[in-house]
Each structure stands twice: as structure tokens, then as C-alpha cells.
Amino acid sequence: MARAFLVVMDSAGIGGAADAGTFFNGEVPDTGANTVGHIAQACALGRAEDGRSGPLHVPNLVALGLGAAVELSSGLRADGLDGDVTGTWGAASEVSRGKDTPSGHWELAGLPVPWEWHYFPDVTNSFPPELVAQLAEFAGTEGILGNCHAPGTAIIEQFGAEHIKTGFPICYTSADSVLQIAAHEESFGLQRLLDLCARMAPIAHEMKVGRVIARPFVGDEETGFVRTPNRRDFAIAPPSPVLSNWVQNAGGHVYAVGKIGDIFSMTGFDELRKGPDDVLIRHLGDLVETATDGSLTFANFVEFDSLYGHRRDVSGYARALEWFDAEIGKLIGKLREGDIMVLTADHGNDPTWVGTDHTREQVPVLVAGLGAGRLGLIGFRDVAALVAGHLGVAVPG
């Protein structure tokens, strides 16, 4: 009996979104952003030599159709993306008005976001006074730190020492519809941070803020501060059934790998496996070996985005793609007859672009297990329909 593995390479966009001109990094529209294409170009030009060298080397993804998808989406051909294609491939566009994690994942699971998200557009003093007061009250402190747009690693470097001294939580946001709260696992307490986020979530969700994210970290001023794997997302639950529900309601077992469970508030999932990406690839490998017939495994690999895209680290992103390519190639070779593995993304985060936020892009859709074929230009929702159809699960409506 068929199984399906839906794997999101978080932020691995391929350019070409028709409405990119209406999305911005600061004052600059996302027109022309191309995460994978520009990384490949940088590698070919010798501009991504930190910890790696030469043209981008992702032969397994290229064989599935990554280079062909980049060219279809954006017209770009780059060294490192050429090669024979033996998979089924295409490029997908999003209709939801967001370039964020929930919008992309919900739509990949069959549900475009049915409302406008609430954002905090001001780069400084980002949160309204009443929200700041509520944060401080729930935290039991006289105030908060941050209150701005910032990358998560930079803001704990900036405020980590002051946080330990004052006990004030570090609160920040981005171009996404998100409230992030960082706190030290030892001096502030991990459970206290999770409780704070849980209390803030209903208030944020009422505002249509997509997620409240707990961002625990450890360390000190002398040795530096490091985020831990104990992140937790408190996300708005999808307002209607999505792919995981469809499969579960049809009797299939559904596994979540990575932050997928958080993104969907565990809607329609039977099991959850978490950890950093090097642990997640082992979880995914275990499920390739053991997942039950008729099951869906829905996985997210976030570190392309969180460690390299937002930091505009071209070499780091290239290293991550090459690592992932090697690891996923091993798993593709272990798929059973009747299985499919669909590799895609939820948005872009072009490390060659201005700013530090996501970029509005089309995404690749690469399918192992169906032989050679062309999907062409499709929608995010078509990914859910493809998976459901393979599993013999009805798509509502």
C-alpha cells in the first residue's frame, strides 16, 4: 500500500513569483529574488567558499528536477543545477497574502489562509503599548527588552546579558505575522517561558497574529548565547481540515517531523518527532523504514531559513543544501515500491537579497517515486492534491 513523505526545505524558493513586487524587504520589493538560483550563481562565481568550494553540488535534487524548476520559474540557468532529470518536477505559486511559515504550510496542505494576517510593521517600538503591558504583566516583570524587528540570533547577542540581569523577556518580531519571546532557560526558566507564550497566544491569535514563538537560549556574556532546540510555536489552528486531517480521517497514520506539529497546532497528527536538522534527518530515515502503509509523513527542515537565510549567509545555505542533498539521496534509495517523496518549500529567503526577511518566490515541487515527468506551473494547493491522490484520499470540495 502507498505511503507519502512530504518534505519542506524551509525557504528554498526558486524565484519568479508574479506578485513579488507587492512584498518588500524594507523599501526594496522582492522582485527578482531567487534563493536557490542566486546561491548557485554565487557558488559558481567563487563567492561561497566558506566551508565549501566550487559550483553548488546537489546531484540528487538536480536529478529530481531542481535546476529545471528554477529555469521554469525564473528563466535562470546556473552552473551546478544542470543535469539529467529522472524525477517528476514543477514549480508552485502561492495565493495566500503572506510569505511566512503558516501561510506556506497551510496552503501546501490544501488550505489558503482565509484572512489577512496582522503584522507589526514598525521596525522599532513594534508592539502597541497595551500588548507590551500585557507581556510584562504575564512575565511578572516591569517591562520587556527588544520591542523591535530583529533576527533571533542577533537579538539574544544584543540583549542576553541585560535579560539575565533584569529578568525582562526579550520580545521581537519580523516581516512575518509573529510575536517571538526569547528567554534564558536557566535564569528565566524554560517552563516559565513556555507558560508566558501560552498565555500570550490567545491574545495574539485574536489579533490574527499567526504565531507566538518561544525562543529559549543558554550561555553567558563571556562565552556567548546560543538558542536551544526547545523552541515551541503556539500557532493559530487551521480553521478547516487540511491534508493531515484528510489522511487521518481516511484511516491513515500521520507523522510530524520538525516544527510541522507546531505550525498546525497538532491538527491531524498522530506522532511528533523534533530536534535540529541533523536529528530530523535521522527521524525521517527511521520513518522511511518503519512508517505504516497508507501513512503520511510531513517534515520541515528549518535551518536553511533560520541559520542561513535570515543571516544572509550564502556559504552556509549552500553547505546546508549540499548536506541535505547527500542525506536525502540515501533516503530516496530506501523508498518502497509505491512510495512517493515530495520535496518542496514554503517561501524564499534569498541570502543574496537586501534585508533579513523572507522573499516572495515560487517553490520547487520535486517528486521521487513517480518516474520522470513534468508538473509544470502549479499552485501550492496542488501539492496537497497530489499527495492525497497518491494515497487514495478524497480532497474535500
# chains A, B, ... in the order shown; residues from 1 in each chain; ligands from 1

$ residues_around --residues "Ile156 (chain A)" --least-positions-apart "5" --cutoff "12 Å" --atoms "only C-alpha atoms" --output "NGL selection string"
:A and (145-146 or 150-151 or 161-164 or 169-172 or 180-184 or 215-221 or 224-228)

$ select_by_dssp --residues "region 89-210 of chain A" --states "strand (DSSP E or B)" --output "number ranges by chain"
A: 89-93, 124, 145-149, 170-173, 178-184

$ closest_residue --among "A:Ile203, A:Ala214, A:Ala345, A:Met1" --to "Asp100 (chain A)" --atoms "only C-alpha atoms"
A:Ala345

$ residues_around --residues "Arg211 (chain A)" --least-positions-apart "3" --cutoff "9 Å" --atoms "only C-alpha atoms" --output "short mmCIF file (atom, residue, chain, number, x, y, z; two decimals) with N, CA and C atoms, in the first residue's frame"
data_model
loop_
_atom_site.label_atom_id
_atom_site.label_comp_id
_atom_site.auth_asym_id
_atom_site.auth_seq_id
_atom_site.Cartn_x
_atom_site.Cartn_y
_atom_site.Cartn_z
N PRO A 102 3.30 29.83 8.37
CA PRO A 102 1.94 29.27 8.37
C PRO A 102 1.26 29.38 7.01
N SER A 177 3.97 37.53 10.46
CA SER A 177 2.96 37.75 11.48
C SER A 177 3.30 36.92 12.70
N VAL A 178 4.16 37.49 13.57
CA VAL A 178 4.73 36.68 14.65
C VAL A 178 5.12 37.55 15.83
N LEU A 179 4.95 37.00 17.02
CA LEU A 179 5.49 37.55 18.26
C LEU A 179 6.44 36.51 18.81
N GLN A 180 7.73 36.85 18.89
CA GLN A 180 8.73 35.92 19.39
C GLN A 180 9.21 36.40 20.76
N ALA A 201 -0.61 33.62 23.64
CA ALA A 201 -1.09 33.12 22.35
C ALA A 201 -2.54 33.48 22.05
N ALA A 204 -2.71 37.13 21.01
CA ALA A 204 -2.13 37.35 19.69
C ALA A 204 -3.01 36.76 18.59
N HIS A 205 -3.55 35.58 18.82
CA HIS A 205 -4.39 34.94 17.81
C HIS A 205 -5.66 35.73 17.56
N LYS A 208 -5.16 38.06 15.02
CA LYS A 208 -4.75 37.39 13.79
C LYS A 208 -3.24 37.47 13.59
N ASP A 233 6.33 26.67 18.93
CA ASP A 233 5.43 27.60 18.25
C ASP A 233 4.01 27.41 18.76
N PHE A 234 3.38 28.51 19.14
CA PHE A 234 1.97 28.49 19.52
C PHE A 234 1.22 29.16 18.36
N ALA A 235 0.72 28.34 17.45
CA ALA A 235 0.15 28.84 16.20
C ALA A 235 -1.36 28.77 16.21
N ILE A 236 -1.98 29.66 15.44
CA ILE A 236 -3.42 29.57 15.22
C ILE A 236 -3.72 28.23 14.55
N ILE A 263 3.18 24.17 13.69
CA ILE A 263 2.57 25.01 12.65
C ILE A 263 1.07 24.74 12.55
#

$ closest_residue --among "A:Asp286, A:Glu327, A:Asp30, A:Glu71" --to "Ala91 (chain A)" --atoms "only C-alpha atoms"
A:Glu71

$ closest_residue --among "A:Asp122, A:Asp313, A:Asp262, A:Glu361" --to "Ala48 (chain A)" --atoms "only C-alpha atoms"
A:Asp313

$ residues_around --residues "Gly37 (chain A)" --least-positions-apart "3" --cutoff "7 Å" --atoms "only C-alpha atoms" --output "list of chain:residue names"
A:Ile14, A:Asn34, A:Ala40, A:Gln41, A:Val70, A:Leu76, A:Ala78

$ residues_around --residues "Ala326 (chain A)" --least-positions-apart "5" --cutoff "9 Å" --atoms "only C-alpha atoms" --output "ChimeraX atom specification"
/A:58-60,321

$ atom_distance --atom1 "CA of Pro396 (chain A)" --atom2 "CA of Val288 (chain A)"
27.5 Å

$ residues_around --residues "region 127-137 of chain A" --least-positions-apart "5" --cutoff "8 Å" --atoms "only C-alpha atoms" --output "count of residues only"
9

$ residues_around --residues "region 389-393 of chain A" --least-positions-apart "6" --cutoff "7 Å" --atoms "only C-alpha atoms" --output "PDB file with N, CA and C atoms, in the first residue's frame"
ATOM      1  N   ALA A   2       0.435   2.312  -0.626  1.00  0.00           N
ATOM      2  CA  ALA A   2       1.224   3.520  -0.823  1.00  0.00           C
ATOM      3  C   ALA A   2       1.490   4.246   0.484  1.00  0.00           C
ATOM      4  N   ARG A   3       2.637   4.913   0.522  1.00  0.00           N
ATOM      5  CA  ARG A   3       2.966   5.856   1.590  1.00  0.00           C
ATOM      6  C   ARG A   3       3.429   7.154   0.932  1.00  0.00           C
ATOM      7  N   TRP A 246      -7.305  14.978   6.324  1.00  0.00           N
ATOM      8  CA  TRP A 246      -7.871  14.129   5.278  1.00  0.00           C
ATOM      9  C   TRP A 246      -7.315  12.712   5.380  1.00  0.00           C
ATOM     10  N   VAL A 247      -5.998  12.604   5.560  1.00  0.00           N
ATOM     11  CA  VAL A 247      -5.375  11.285   5.638  1.00  0.00           C
ATOM     12  C   VAL A 247      -5.808  10.565   6.904  1.00  0.00           C
ATOM     13  N   ALA A 250      -9.241   9.232   6.761  1.00  0.00           N
ATOM     14  CA  ALA A 250      -9.351   8.078   5.864  1.00  0.00           C
ATOM     15  C   ALA A 250      -8.723   6.826   6.461  1.00  0.00           C
ATOM     16  N   GLY A 294      -0.159   3.386   3.952  1.00  0.00           N
ATOM     17  CA  GLY A 294      -1.215   4.379   3.911  1.00  0.00           C
ATOM     18  C   GLY A 294      -0.921   5.635   4.691  1.00  0.00           C
TER      19      GLY A 294
END

$ select_by_dssp --residues "region 152-314 of chain A" --states "helix (DSSP H, G or I)" --output "ChimeraX atom specification"
/A:152-166,185-206,243-249,260-263,277-290,303-309,314

$ closest_residue --among "A:Phe188, A:Asp19, A:His149, A:Pro229" --to "Thr166 (chain A)" --atoms "only C-alpha atoms"
A:Phe188

$ closest_residue --among "A:Ala44, A:Ala109, A:Ile332, A:Leu307" --to "Thr356 (chain A)" --atoms "only C-alpha atoms"
A:Leu307

$ closest_residue --among "A:Ala4, A:Leu194, A:Leu45, A:Leu81" --to "Leu243 (chain A)" --atoms "only C-alpha atoms"
A:Ala4
